>>> print(open('structure.txt').read())   # compact mmCIF, C-alpha atoms
# COMPACT_ATOMS: atom_id res chain seq x y z
CA MET A 9 2.16 39.46 65.54
CA ILE A 10 -0.94 37.24 65.77
CA PRO A 11 -2.93 37.12 62.54
CA VAL A 12 -6.42 38.62 62.68
CA ARG A 13 -8.07 35.30 61.77
CA THR A 14 -6.34 33.56 64.69
CA LEU A 15 -7.34 36.36 67.05
CA THR A 16 -10.96 36.12 65.87
CA ALA A 17 -10.95 32.35 66.37
CA LEU A 18 -9.42 32.70 69.85
CA THR A 19 -11.99 35.33 70.81
CA LEU A 20 -14.83 33.09 69.57
CA CYS A 21 -13.45 30.14 71.55
CA ALA A 22 -13.25 32.28 74.69
CA LEU A 23 -16.81 33.49 74.20
CA MET A 24 -18.06 29.95 73.66
CA GLN A 25 -16.30 28.75 76.81
CA THR A 26 -17.81 31.62 78.79
CA ASN A 27 -21.22 30.65 77.45
CA LEU A 28 -20.67 26.99 78.33
CA ARG A 29 -19.61 27.96 81.85
CA ALA A 30 -22.77 30.03 82.17
CA GLN A 31 -24.72 26.87 81.37
CA ASP A 32 -22.95 24.88 84.06
CA PRO A 33 -24.78 24.37 87.35
CA ARG A 34 -23.49 26.64 90.09
CA PRO A 35 -21.77 25.00 93.06
CA ILE A 36 -23.43 25.08 96.47
CA PRO A 37 -21.22 26.91 98.99
CA ALA A 38 -20.00 24.44 101.63
CA ASP A 39 -21.75 26.34 104.42
CA GLN A 40 -25.05 26.09 102.51
CA PHE A 41 -24.91 22.37 101.79
CA GLU A 42 -26.82 21.06 104.84
CA LYS A 43 -29.56 23.67 104.49
CA THR A 44 -29.98 23.03 100.77
CA HIS A 45 -30.09 19.26 101.31
CA ALA A 46 -32.72 19.76 103.99
CA ILE A 47 -35.03 21.95 101.92
CA ILE A 48 -35.05 19.57 98.96
CA LYS A 49 -36.07 16.63 101.13
CA ARG A 50 -39.60 15.73 102.08
CA GLN A 51 -40.80 18.03 104.88
CA GLU A 52 -42.93 17.29 107.92
CA GLY A 53 -46.54 17.13 106.75
CA GLU A 54 -45.75 16.27 103.13
CA TRP A 55 -46.87 12.96 101.62
CA LYS A 56 -48.74 11.97 104.77
CA TRP A 57 -49.96 8.80 103.09
CA ALA A 58 -46.33 7.66 102.85
CA GLU A 59 -46.44 7.21 106.63
CA LEU A 60 -49.13 4.56 106.37
CA PRO A 61 -47.83 1.06 107.16
CA TRP A 62 -47.92 -0.04 103.52
CA ALA A 63 -47.25 -3.67 102.72
CA ILE A 64 -45.53 -4.09 99.36
CA ASN A 65 -45.67 -7.88 99.39
CA PHE A 66 -49.22 -9.18 98.95
CA ALA A 67 -48.55 -12.16 101.21
CA ASP A 68 -47.80 -9.76 104.08
CA ALA A 69 -51.07 -7.93 103.42
CA GLN A 70 -52.93 -11.26 103.36
CA ARG A 71 -51.44 -12.29 106.70
CA GLN A 72 -52.35 -8.98 108.31
CA SER A 73 -55.83 -9.01 106.82
CA LEU A 74 -56.56 -12.43 108.31
CA ALA A 75 -55.00 -11.62 111.68
CA GLU A 76 -56.79 -8.26 112.09
CA GLY A 77 -60.06 -9.08 110.34
CA LYS A 78 -59.83 -6.14 107.92
CA PRO A 79 -60.08 -5.94 104.14
CA ILE A 80 -57.06 -4.99 102.04
CA PHE A 81 -56.96 -1.56 100.42
CA ALA A 82 -54.77 -1.96 97.33
CA VAL A 83 -53.34 0.86 95.26
CA MET A 84 -52.44 -0.16 91.74
CA CYS A 85 -50.18 2.51 90.37
CA ALA A 86 -49.17 2.78 86.73
CA GLN A 87 -46.47 5.25 87.69
CA GLY A 88 -44.49 2.78 89.77
CA CYS A 89 -45.73 2.53 93.34
CA VAL A 90 -47.81 4.76 95.53
CA ALA A 91 -45.38 4.13 98.36
CA GLY A 92 -42.41 5.07 96.21
CA TYR A 93 -42.11 7.25 93.17
CA VAL A 94 -45.13 9.43 92.35
CA MET B 23 -54.81 10.28 98.58
CA THR B 24 -53.82 13.54 100.22
CA ASP B 25 -57.17 13.93 102.02
CA PRO B 26 -56.48 13.34 105.73
CA ARG B 27 -59.91 11.69 106.11
CA VAL B 28 -58.98 9.11 103.48
CA ILE B 29 -55.63 8.49 105.17
CA ALA B 30 -57.32 8.08 108.56
CA ALA B 31 -59.90 5.70 107.09
CA ILE B 32 -57.24 3.54 105.46
CA GLN B 33 -55.42 3.30 108.77
CA ARG B 34 -58.58 2.50 110.73
CA ASP B 35 -60.48 0.13 108.45
CA PHE B 36 -58.01 -1.46 106.05
CA ILE B 37 -54.67 -3.13 105.53
CA PRO B 38 -52.84 -0.82 103.10
CA TYR B 39 -51.08 -2.59 100.25
CA ALA B 40 -49.06 -0.74 97.61
CA HIS B 41 -48.59 -2.78 94.46
CA CYS B 42 -45.21 -2.08 92.88
CA GLY B 43 -45.44 -1.57 89.17
CA SER B 44 -48.70 -1.86 87.27
CA PRO B 45 -47.83 -0.37 83.87
CA GLY B 46 -50.97 1.03 82.27
CA LEU B 47 -53.12 0.45 85.31
CA ASN B 48 -54.09 3.04 87.90
CA ASN B 49 -56.81 2.16 90.34
CA TYR B 50 -57.87 1.55 93.92
CA ARG B 51 -59.17 -1.81 95.05
CA VAL B 52 -60.66 -3.37 98.14
CA LEU B 53 -59.82 -7.06 98.44
CA THR B 54 -60.30 -9.94 100.80
CA ALA B 55 -57.28 -11.88 102.01
CA SER B 56 -58.03 -14.50 99.39
CA GLY B 57 -57.67 -11.85 96.67
CA LYS B 58 -61.39 -11.53 95.91
CA MET B 59 -62.14 -8.03 94.64
CA LEU B 60 -64.93 -6.37 96.64
CA ALA B 61 -64.81 -2.99 94.90
CA ASP B 62 -62.60 -0.81 92.76
CA HIS B 63 -62.46 2.72 91.42
CA ASP B 64 -60.19 4.35 88.85
CA ARG B 65 -60.08 7.83 90.36
CA PHE B 66 -61.31 8.15 93.91
CA PRO B 67 -60.02 5.99 96.77
CA SER B 68 -62.98 6.99 98.94
CA GLU B 69 -65.40 5.50 96.38
CA ALA B 70 -63.57 2.17 96.38
CA MET B 71 -63.35 2.23 100.18
CA SER B 72 -67.02 2.88 100.89
CA ALA B 73 -68.24 0.35 98.31
CA GLY B 74 -65.65 -2.15 99.53
CA LEU B 75 -66.68 -1.83 103.17
CA LEU B 76 -70.31 -2.36 102.23
CA GLU B 77 -69.44 -5.59 100.41
CA TRP B 78 -67.17 -6.62 103.27
CA SER B 79 -70.05 -6.24 105.72
CA LYS B 80 -72.08 -8.70 103.63
CA LEU B 81 -69.50 -11.47 103.98
CA PRO B 82 -70.14 -14.24 106.52
CA GLU B 83 -68.82 -13.32 109.96
CA ALA B 84 -66.44 -16.27 109.90
CA GLU B 85 -64.72 -14.69 106.91
CA ARG B 86 -64.45 -11.25 108.51
CA LYS B 87 -63.34 -12.00 112.06
CA PRO B 88 -59.66 -12.01 113.05
CA ARG B 89 -58.10 -15.44 113.06
CA VAL B 90 -54.86 -17.29 113.56
CA VAL B 91 -53.10 -17.46 110.22
CA THR B 92 -52.35 -21.02 109.26
CA GLY B 93 -52.00 -20.68 105.49
CA LEU B 94 -52.47 -18.22 102.64
CA THR B 95 -54.42 -18.51 99.42
CA LYS B 96 -52.05 -18.33 96.48
CA VAL B 97 -52.86 -15.21 94.46
CA ASN B 98 -51.09 -14.66 91.16
CA ASP B 99 -52.33 -11.16 90.37
CA TYR B 100 -50.02 -9.40 92.79
CA PRO B 101 -46.47 -10.65 92.29
CA LYS B 102 -43.83 -9.95 94.90
CA PRO B 103 -41.50 -7.10 93.94
CA PRO B 104 -37.78 -7.81 93.66
CA ASP B 105 -35.73 -7.44 96.84
CA PRO B 106 -32.93 -4.89 97.18
CA PRO B 107 -29.42 -6.31 96.61
CA LYS B 108 -28.25 -8.40 99.57
CA ASN B 109 -26.27 -6.23 102.02
CA GLY B 110 -26.63 -3.39 99.57
CA LEU B 111 -27.04 0.32 100.16
CA ILE B 112 -30.42 1.98 99.68
CA LEU B 113 -30.67 5.70 99.04
CA ARG B 114 -33.90 7.64 99.00
CA SER B 115 -34.04 10.35 96.37
CA HIS B 116 -36.16 13.43 96.88
CA VAL B 117 -36.85 15.29 93.63
CA ARG B 118 -37.97 18.85 94.17
CA GLY B 119 -37.22 21.70 91.79
CA LEU B 120 -36.02 24.85 93.50
CA GLN B 121 -35.87 28.44 92.33
CA ARG B 122 -32.81 30.71 92.25
CA ASP B 123 -33.79 34.19 93.34
CA GLU B 124 -32.22 37.53 92.46
CA ASP B 125 -29.74 37.21 95.33
CA GLY B 126 -28.58 33.84 94.06
CA ASP B 127 -30.25 31.93 96.88
CA LEU B 128 -32.07 28.65 96.33
CA THR B 129 -35.60 28.61 97.74
CA TRP B 130 -38.82 26.65 97.34
CA THR B 131 -40.86 27.28 94.22
CA GLY B 132 -44.58 27.95 94.17
CA GLN B 133 -46.98 25.11 93.44
CA LEU B 134 -46.75 22.66 90.59
CA ALA B 135 -49.02 23.80 87.75
CA ALA B 136 -50.98 21.23 85.75
CA GLY B 137 -53.76 20.96 83.16
CA ASN B 138 -52.66 23.95 81.05
CA GLY B 139 -52.10 25.81 84.29
CA VAL B 140 -55.78 25.63 85.24
CA TYR B 141 -55.02 23.94 88.54
CA SER B 142 -52.05 23.47 90.86
CA LEU B 143 -50.69 20.77 93.10
CA PRO B 144 -48.43 21.09 96.13
CA ALA B 145 -44.81 20.99 94.95
CA GLU B 146 -44.00 18.05 97.21
CA PRO B 147 -40.95 16.00 96.28
CA GLN B 148 -41.17 13.00 93.99
CA LEU B 149 -39.59 10.03 95.74
CA ASP B 150 -37.58 7.10 94.47
CA HIS B 151 -34.93 4.70 95.70
CA VAL B 152 -31.41 4.06 94.45
CA TRP B 153 -30.06 0.54 94.86
CA ILE B 154 -26.30 0.06 95.21
CA THR B 155 -24.77 -3.40 95.55
CA GLN B 156 -22.48 -4.46 98.37
CA ALA B 157 -19.48 -4.67 96.03
CA GLU B 158 -20.21 -1.18 94.73
CA TRP B 159 -20.47 0.54 98.11
CA LYS B 160 -17.49 -1.36 99.47
CA SER B 161 -15.40 0.03 96.64
CA MET B 162 -16.22 3.50 98.04
CA VAL B 163 -14.67 2.64 101.41
CA PRO B 164 -10.94 3.44 101.29
CA TYR B 165 -8.84 0.64 102.76
CA ASN B 166 -6.04 2.78 104.15
CA PRO B 167 -7.36 6.34 104.12
CA SER B 168 -5.22 9.42 104.36
CA LEU B 169 -6.24 13.05 104.18
CA GLY B 170 -6.55 14.24 100.62
CA PHE B 171 -6.70 10.76 99.12
CA THR B 172 -8.90 11.05 96.04
CA PHE B 173 -10.48 8.29 94.00
CA GLU B 174 -13.29 7.73 91.56
CA ALA B 175 -16.65 6.31 92.67
CA PRO B 176 -17.72 3.25 90.66
CA LYS B 177 -18.66 4.40 87.18
CA ARG B 178 -21.67 2.09 87.23
CA VAL B 179 -23.07 3.88 90.27
CA ALA B 180 -22.44 7.37 88.86
CA GLU B 181 -24.04 6.43 85.56
CA ARG B 182 -26.96 4.60 87.19
CA ILE B 183 -27.81 7.72 89.17
CA ALA B 184 -27.56 9.89 86.06
CA MET B 185 -29.48 7.50 83.85
CA PHE B 186 -32.34 6.60 86.18
CA HIS B 187 -32.54 9.15 88.98
CA MET B 188 -32.22 12.58 87.37
CA LEU B 189 -35.90 12.83 86.57
CA ASP B 190 -38.29 15.60 87.46
CA LYS B 191 -41.73 15.68 85.88
CA GLY B 192 -41.98 19.36 86.74
CA LEU B 193 -39.06 20.10 84.42
CA GLY B 194 -40.16 17.99 81.47
CA CYS B 195 -37.85 15.04 82.05
CA ASN B 196 -38.34 11.62 80.49
CA ASN B 197 -40.42 9.07 82.35
CA PHE B 198 -37.74 6.83 83.80
CA VAL B 199 -34.53 6.72 81.79
CA TRP B 200 -31.98 8.96 80.05
CA GLU B 201 -30.49 6.64 77.51
CA LYS B 202 -27.52 8.88 76.68
CA ALA B 203 -26.60 9.79 80.25
CA SER B 204 -23.01 9.81 81.42
CA ALA B 205 -21.46 10.78 84.74
CA LYS B 206 -18.38 10.76 86.88
CA MET B 207 -18.15 11.09 90.67
CA THR B 208 -15.01 11.57 92.75
CA LEU B 209 -14.47 11.03 96.47
CA LYS B 210 -11.87 12.90 98.50
CA VAL B 211 -10.97 12.03 102.09
CA VAL B 212 -11.33 15.14 104.24
CA GLU B 213 -11.33 13.69 107.75
CA VAL B 214 -10.02 10.51 109.31
CA THR B 215 -10.56 9.48 112.92
CA ASP B 216 -10.61 6.12 114.69
CA VAL B 217 -14.34 5.92 114.24
CA ARG B 218 -15.03 7.77 111.02
CA ILE B 219 -13.85 8.55 107.51
CA LYS B 220 -15.45 11.62 106.00
CA MET B 221 -15.29 12.22 102.25
CA ASP B 222 -16.42 14.98 99.95
CA LEU B 223 -18.19 13.77 96.85
CA SER B 224 -18.09 15.85 93.69
CA GLY B 225 -18.88 15.17 90.10
CA LYS B 226 -20.73 15.96 86.97
CA GLY B 227 -23.39 14.22 84.94
CA LEU B 228 -24.83 14.82 81.51
CA ILE B 229 -28.46 13.93 81.04
CA GLY B 230 -31.32 14.89 78.72
CA LYS B 231 -32.44 13.48 75.39
CA ASP B 232 -29.12 14.42 73.78
CA GLY B 233 -26.96 13.85 76.82
CA ASN B 234 -25.96 17.50 77.05
CA TYR B 235 -27.85 18.80 80.10
CA PRO B 236 -25.25 19.26 82.84
CA VAL B 237 -25.84 18.29 86.45
CA ARG B 238 -23.43 18.95 89.29
CA TYR B 239 -23.03 16.44 92.14
CA GLN B 240 -21.94 17.55 95.57
CA GLY B 241 -22.09 15.68 98.81
CA ILE B 242 -20.73 14.14 101.96
CA VAL B 243 -20.10 10.42 102.38
CA GLU B 244 -19.12 9.00 105.75
CA VAL B 245 -17.88 5.59 106.74
CA ASP B 246 -18.40 4.04 110.17
CA ARG B 247 -14.98 2.43 110.64
CA LYS B 248 -16.12 0.09 113.42
CA LYS B 249 -18.86 -1.40 111.26
CA GLY B 250 -16.96 -0.96 108.01
CA GLU B 251 -20.10 0.51 106.47
CA ILE B 252 -21.20 3.68 104.77
CA SER B 253 -23.18 5.51 107.45
CA ARG B 254 -24.01 8.69 105.55
CA PHE B 255 -24.54 9.39 101.88
CA ASP B 256 -25.93 12.92 101.61
CA VAL B 257 -25.63 14.08 98.02
CA ILE B 258 -27.28 16.82 96.02
CA ALA B 259 -27.65 16.84 92.25
CA LEU B 260 -28.17 20.35 90.98
CA GLY B 261 -28.97 21.51 87.47
CA ARG B 262 -28.33 24.84 85.83
CA ASP B 263 -30.36 27.99 86.42
CA GLY B 264 -33.37 28.15 84.10
CA GLY B 265 -33.44 24.35 83.98
CA ASP B 266 -36.81 23.54 82.44
CA MET B 267 -36.14 21.24 79.50
CA ARG B 268 -39.09 22.50 77.44
CA SER B 269 -40.04 25.60 75.56
CA ASP B 270 -42.75 27.73 77.19
CA ASP B 271 -45.32 26.38 74.72
CA GLU B 272 -44.35 22.77 75.34
CA LYS B 273 -44.48 23.01 79.09
CA ILE B 274 -48.04 24.31 79.31
CA ALA B 275 -49.42 21.39 77.32
CA ARG B 276 -52.41 19.79 79.03
CA SER B 277 -50.68 16.71 80.38
CA ASN B 278 -47.58 18.48 81.66
CA PHE B 279 -46.52 19.81 85.04
CA TRP B 280 -44.32 22.80 85.71
CA TYR B 281 -43.14 24.79 88.68
CA ARG B 282 -44.67 28.19 89.33
CA ILE B 283 -41.77 30.46 90.22
CA GLY B 284 -41.43 33.96 91.57
CA PRO B 285 -40.65 37.03 89.47
CA LYS B 286 -36.99 37.24 88.42
CA CYS B 287 -36.43 33.67 89.65
CA LYS B 288 -35.09 30.75 87.66
CA VAL B 289 -36.11 27.15 88.15
CA VAL B 290 -33.32 24.68 89.05
CA MET B 291 -33.32 20.89 89.06
CA ALA B 292 -32.57 19.78 92.63
CA ILE B 293 -32.42 16.20 93.86
CA ALA B 294 -31.31 15.13 97.32
CA PHE B 295 -30.09 11.63 98.13
CA GLU B 296 -29.79 10.12 101.60
CA LYS B 297 -29.04 6.71 103.00
CA ILE B 298 -32.02 4.91 104.54
CA ALA B 299 -32.06 1.83 106.72
CA GLY B 300 -34.21 -0.31 104.46
CA ASP B 301 -35.87 -2.08 107.36
CA LYS B 302 -39.45 -0.96 106.60
CA PRO B 303 -41.38 -2.36 103.63
CA ILE B 304 -41.78 1.14 102.20
CA ASP B 305 -37.99 1.52 102.17
CA ARG B 306 -37.76 -1.56 99.99
CA VAL B 307 -39.91 -0.31 97.12
CA PRO B 308 -37.80 -0.94 94.02
CA PRO B 309 -36.40 1.91 91.95
CA TYR B 310 -38.89 3.17 89.40
CA ALA B 311 -36.72 1.89 86.53
CA ILE B 312 -36.86 -1.65 87.91
CA MET B 313 -40.65 -1.51 88.27
CA PHE B 314 -40.85 -0.29 84.69
CA ASP B 315 -38.38 -2.95 83.58
CA SER B 316 -36.00 -0.62 81.78
CA ALA B 317 -34.03 -3.64 80.57
CA LYS B 318 -36.95 -4.73 78.40
CA THR B 319 -38.42 -1.37 77.48
CA ASN B 320 -35.19 0.47 76.66
CA ASN B 321 -32.50 -2.20 76.72
CA LYS B 322 -31.03 -0.40 79.73
CA PRO B 323 -30.91 -2.76 82.72
CA TYR B 324 -30.81 -0.99 86.08
CA PHE B 325 -27.70 -2.94 87.01
CA GLN B 326 -25.50 -2.49 83.97
CA PRO B 327 -22.98 -5.29 83.35
CA GLU B 328 -19.36 -4.64 84.33
>>> encode(input="structure.txt", output="structure tokens")
Amino acid sequence: MIPVRTLTALTLCALMQTNLRAQDPRPIPADQFEKTHAIIKRQEGEWKWAELPWAINFADAQRQSLAEGKPIFAVMCAQGCVAGYV
Amino acid sequence: MTDPRVIAAIQRDFIPYAHCGSPGLNNYRVLTASGKMLADHDRFPSEAMSAGLLEWSKLPEAERKPRVVTGLTKVNDYPKPPDPPKNGLILRSHVRGLQRDEDGDLTWTGQLAAGNGVYSLPAEPQLDHVWITQAEWKSMVPYNPSLGFTFEAPKRVAERIAMFHMLDKGLGCNNFVWEKASAKMTLKVVEVTDVRIKMDLSGKGLIGKDGNYPVRYQGIVEVDRKKGEISRFDVIALGRDGGDMRSDDEKIARSNFWYRIGPKCKVVMAIAFEKIAGDKPIDRVPPYAIMFDSAKTNNKPYFQPE
């Protein structure tokens, strides 16, 4: 016969494992993967400014500015880069 | 920057330049090719643009007209960002929290609340790039693949993704690094043809301040056998249901963002990764952690030593 203390400990362990499993992220069913991947990604019409032809190297912006006769519009971004993470 | 009139004006009248990494400095500037500042504004791009164009119009015509480029003025204020690793793999990450509804389906949340919830922003994804070296991605290409062959992805890659790319401001994540992150990713060959190897990617990461917030990795990695290259790297990182890292009081603090979700829904961390070509300048923006120099700030270099 299993002692009561052992049974109690086993029950507690089982409960804790159930709780841990409840905290685990749920899997995405294989037939839902493509759809889920697609809805997380940037959609048509989002971050329109990201479609601008940003230069990230100042020398490239200088060259274009001289060749096209236009001033440079620079975005200084403390949070990384306006053309990247926002 | 989301105003279509501003976007159209940038395209029409300016050369857009995105400086990569200006810790502590947010502003908009109009510059000449020699680096002379014509105007700037801390909050509104349109203000900088209109003032800048006015100053531009005052410059001598010889300075404004298009010309053949024979040399460039050296400007030290705008250093060149680091290049991606040679022949490396670049992934774009799209960070967009989702909500799990009563039926268990994942759907878009409402808007992103800010300023104590007084205003909202579109819940558009936060973007970043993952850099993977040639040696690292090559080690994910099985030499002699057979169905069911299973192997571990490089630990450095799994941990880099967990440490630097599991970040969602809408869920109360750190700014750019989880110092106690750990992760493991496994690849399993599920299809082999003359032209392609298809693999399922699975794995688990632990992130958060105490390294105990679980994230599940699931994905599909494909190899173009003719080119000997990874041609597809579609991976999702998914957190648990009810995944905001803050208490209700913490999340509505003035400077925080959080996702507005539907009744009986639970917010879920969701991050999608995909391979990009890397041939446009915007594709070569360094990972956020590199711009923030995680090696110096947190003693966590983006490329951890072997």
>>> closest_atom_pairs(input="structure.txt", of="chain A", to="chain B", cutoff="8 Å", atoms="all atoms listed in the file", output="tab-separated table")
residue	atom	partner	partner_atom	distance
A:Gln31	CA	B:Arg262	CA	6.1
A:Asp32	CA	B:Arg262	CA	5.7
A:Pro33	CA	B:Arg262	CA	3.9
A:Arg34	CA	B:Arg262	CA	6.7
A:Pro35	CA	B:Arg238	CA	7.3
A:Ile36	CA	B:Gln240	CA	7.7
A:Phe41	CA	B:Gly241	CA	7.8
A:Thr44	CA	B:Leu128	CA	7.5
A:His45	CA	B:Ala294	CA	5.9
A:Ile47	CA	B:Trp130	CA	7.6
A:Ile48	CA	B:Arg118	CA	5.7
A:Lys49	CA	B:His116	CA	5.3
A:Arg50	CA	B:Pro147	CA	6.0
A:Glu54	CA	B:Glu146	CA	6.4
A:Trp55	CA	B:Thr24	CA	7.1
A:Lys56	CA	B:Thr24	CA	7.0
A:Trp57	CA	B:Ile29	CA	6.0
A:Ala58	CA	B:Ile304	CA	8.0
A:Leu60	CA	B:Gln33	CA	6.8
A:Pro61	CA	B:Pro38	CA	6.7
A:Trp62	CA	B:Pro38	CA	5.0
A:Ala63	CA	B:Tyr39	CA	4.7
A:Ile64	CA	B:Ala40	CA	5.2
A:Asn65	CA	B:Lys102	CA	5.3
A:Phe66	CA	B:Tyr100	CA	6.2
A:Ala67	CA	B:Leu94	CA	7.4
A:Ala69	CA	B:Tyr39	CA	6.2
A:Gln70	CA	B:Ala55	CA	4.6
A:Arg71	CA	B:Val91	CA	6.5
A:Gln72	CA	B:Ile37	CA	6.9
A:Ser73	CA	B:Ala55	CA	5.8
A:Leu74	CA	B:Pro88	CA	5.7
A:Ala75	CA	B:Pro88	CA	4.9
A:Glu76	CA	B:Pro88	CA	4.8
A:Gly77	CA	B:Pro88	CA	4.0
A:Lys78	CA	B:Phe36	CA	5.4
A:Pro79	CA	B:Thr54	CA	5.2
A:Ile80	CA	B:Ile37	CA	4.6
A:Phe81	CA	B:Val52	CA	4.7
A:Ala82	CA	B:Tyr39	CA	4.7
A:Val83	CA	B:Tyr50	CA	4.8
A:Met84	CA	B:Asn49	CA	5.1
A:Cys85	CA	B:Asn48	CA	4.7
A:Ala86	CA	B:Pro45	CA	4.5
A:Gln87	CA	B:Pro45	CA	6.9
A:Gly88	CA	B:Gly43	CA	4.5
A:Cys89	CA	B:Cys42	CA	4.7
A:Val90	CA	B:Ala40	CA	6.0
A:Ala91	CA	B:Ile304	CA	6.1
A:Gly92	CA	B:Asp150	CA	5.5
A:Tyr93	CA	B:Leu149	CA	4.5
A:Val94	CA	B:Gln148	CA	5.6
>>> atom_distance(input="structure.txt", atom1="CA of Ser168 in chain B", atom2="CA of Val211 in chain B")
6.7 Å
>>> atom_distance(input="structure.txt", atom1="CA of Phe255 in chain B", atom2="CA of Trp159 in chain B")
10.4 Å
>>> closest_residue(input="structure.txt", among="B:Val217, B:Val179, B:Leu223, B:Ile229", to="Val152 in chain B", atoms="only C-alpha atoms")
B:Val179
>>> residues_around(input="structure.txt", residues="Gly230 in chain B", least_positions_apart="3", cutoff="10 Å", atoms="all atoms listed in the file", output="JSON, numbers by chain")
{"B": [184, 185, 188, 189, 194, 195, 196, 199, 200, 201, 202, 203, 233, 234, 235, 236, 267]}
>>> atom_distance(input="structure.txt", atom1="CA of Glu181 in chain B", atom2="CA of Tyr165 in chain B")
23.7 Å
>>> axis_aligned_box(input="structure.txt", around="range 40-51 of chain A", padding_each_side="6 Å", output="AutoDock Vina command-line options")
--center_x -32.9 --center_y 20.9 --center_z 101.9 --size_x 27.9 --size_y 22.4 --size_z 17.9
>>> decode(input="structure.txt", residues="range 248-264 of chain B", atoms="C-alpha atoms", output="PDB file, in the first residue's frame")
ATOM      1  CA  LYS B 248      20.684  23.006 -56.737  1.00  0.00           C
ATOM      2  CA  LYS B 249      21.923  26.182 -55.090  1.00  0.00           C
ATOM      3  CA  GLY B 250      22.781  24.509 -51.800  1.00  0.00           C
ATOM      4  CA  GLU B 251      21.001  27.333 -49.990  1.00  0.00           C
ATOM      5  CA  ILE B 252      18.170  27.797 -47.558  1.00  0.00           C
ATOM      6  CA  SER B 253      15.311  29.064 -49.711  1.00  0.00           C
ATOM      7  CA  ARG B 254      12.591  29.282 -47.078  1.00  0.00           C
ATOM      8  CA  PHE B 255      12.694  29.933 -43.363  1.00  0.00           C
ATOM      9  CA  ASP B 256       9.108  30.469 -42.221  1.00  0.00           C
ATOM     10  CA  VAL B 257       8.979  30.199 -38.452  1.00  0.00           C
ATOM     11  CA  ILE B 258       6.487  31.324 -35.838  1.00  0.00           C
ATOM     12  CA  ALA B 259       7.302  31.983 -32.201  1.00  0.00           C
ATOM     13  CA  LEU B 260       4.190  31.770 -30.080  1.00  0.00           C
ATOM     14  CA  GLY B 261       3.770  32.569 -26.405  1.00  0.00           C
ATOM     15  CA  ARG B 262       1.207  31.299 -23.959  1.00  0.00           C
ATOM     16  CA  ASP B 263      -2.392  32.476 -23.752  1.00  0.00           C
ATOM     17  CA  GLY B 264      -2.722  35.547 -21.533  1.00  0.00           C
TER      18      GLY B 264
END
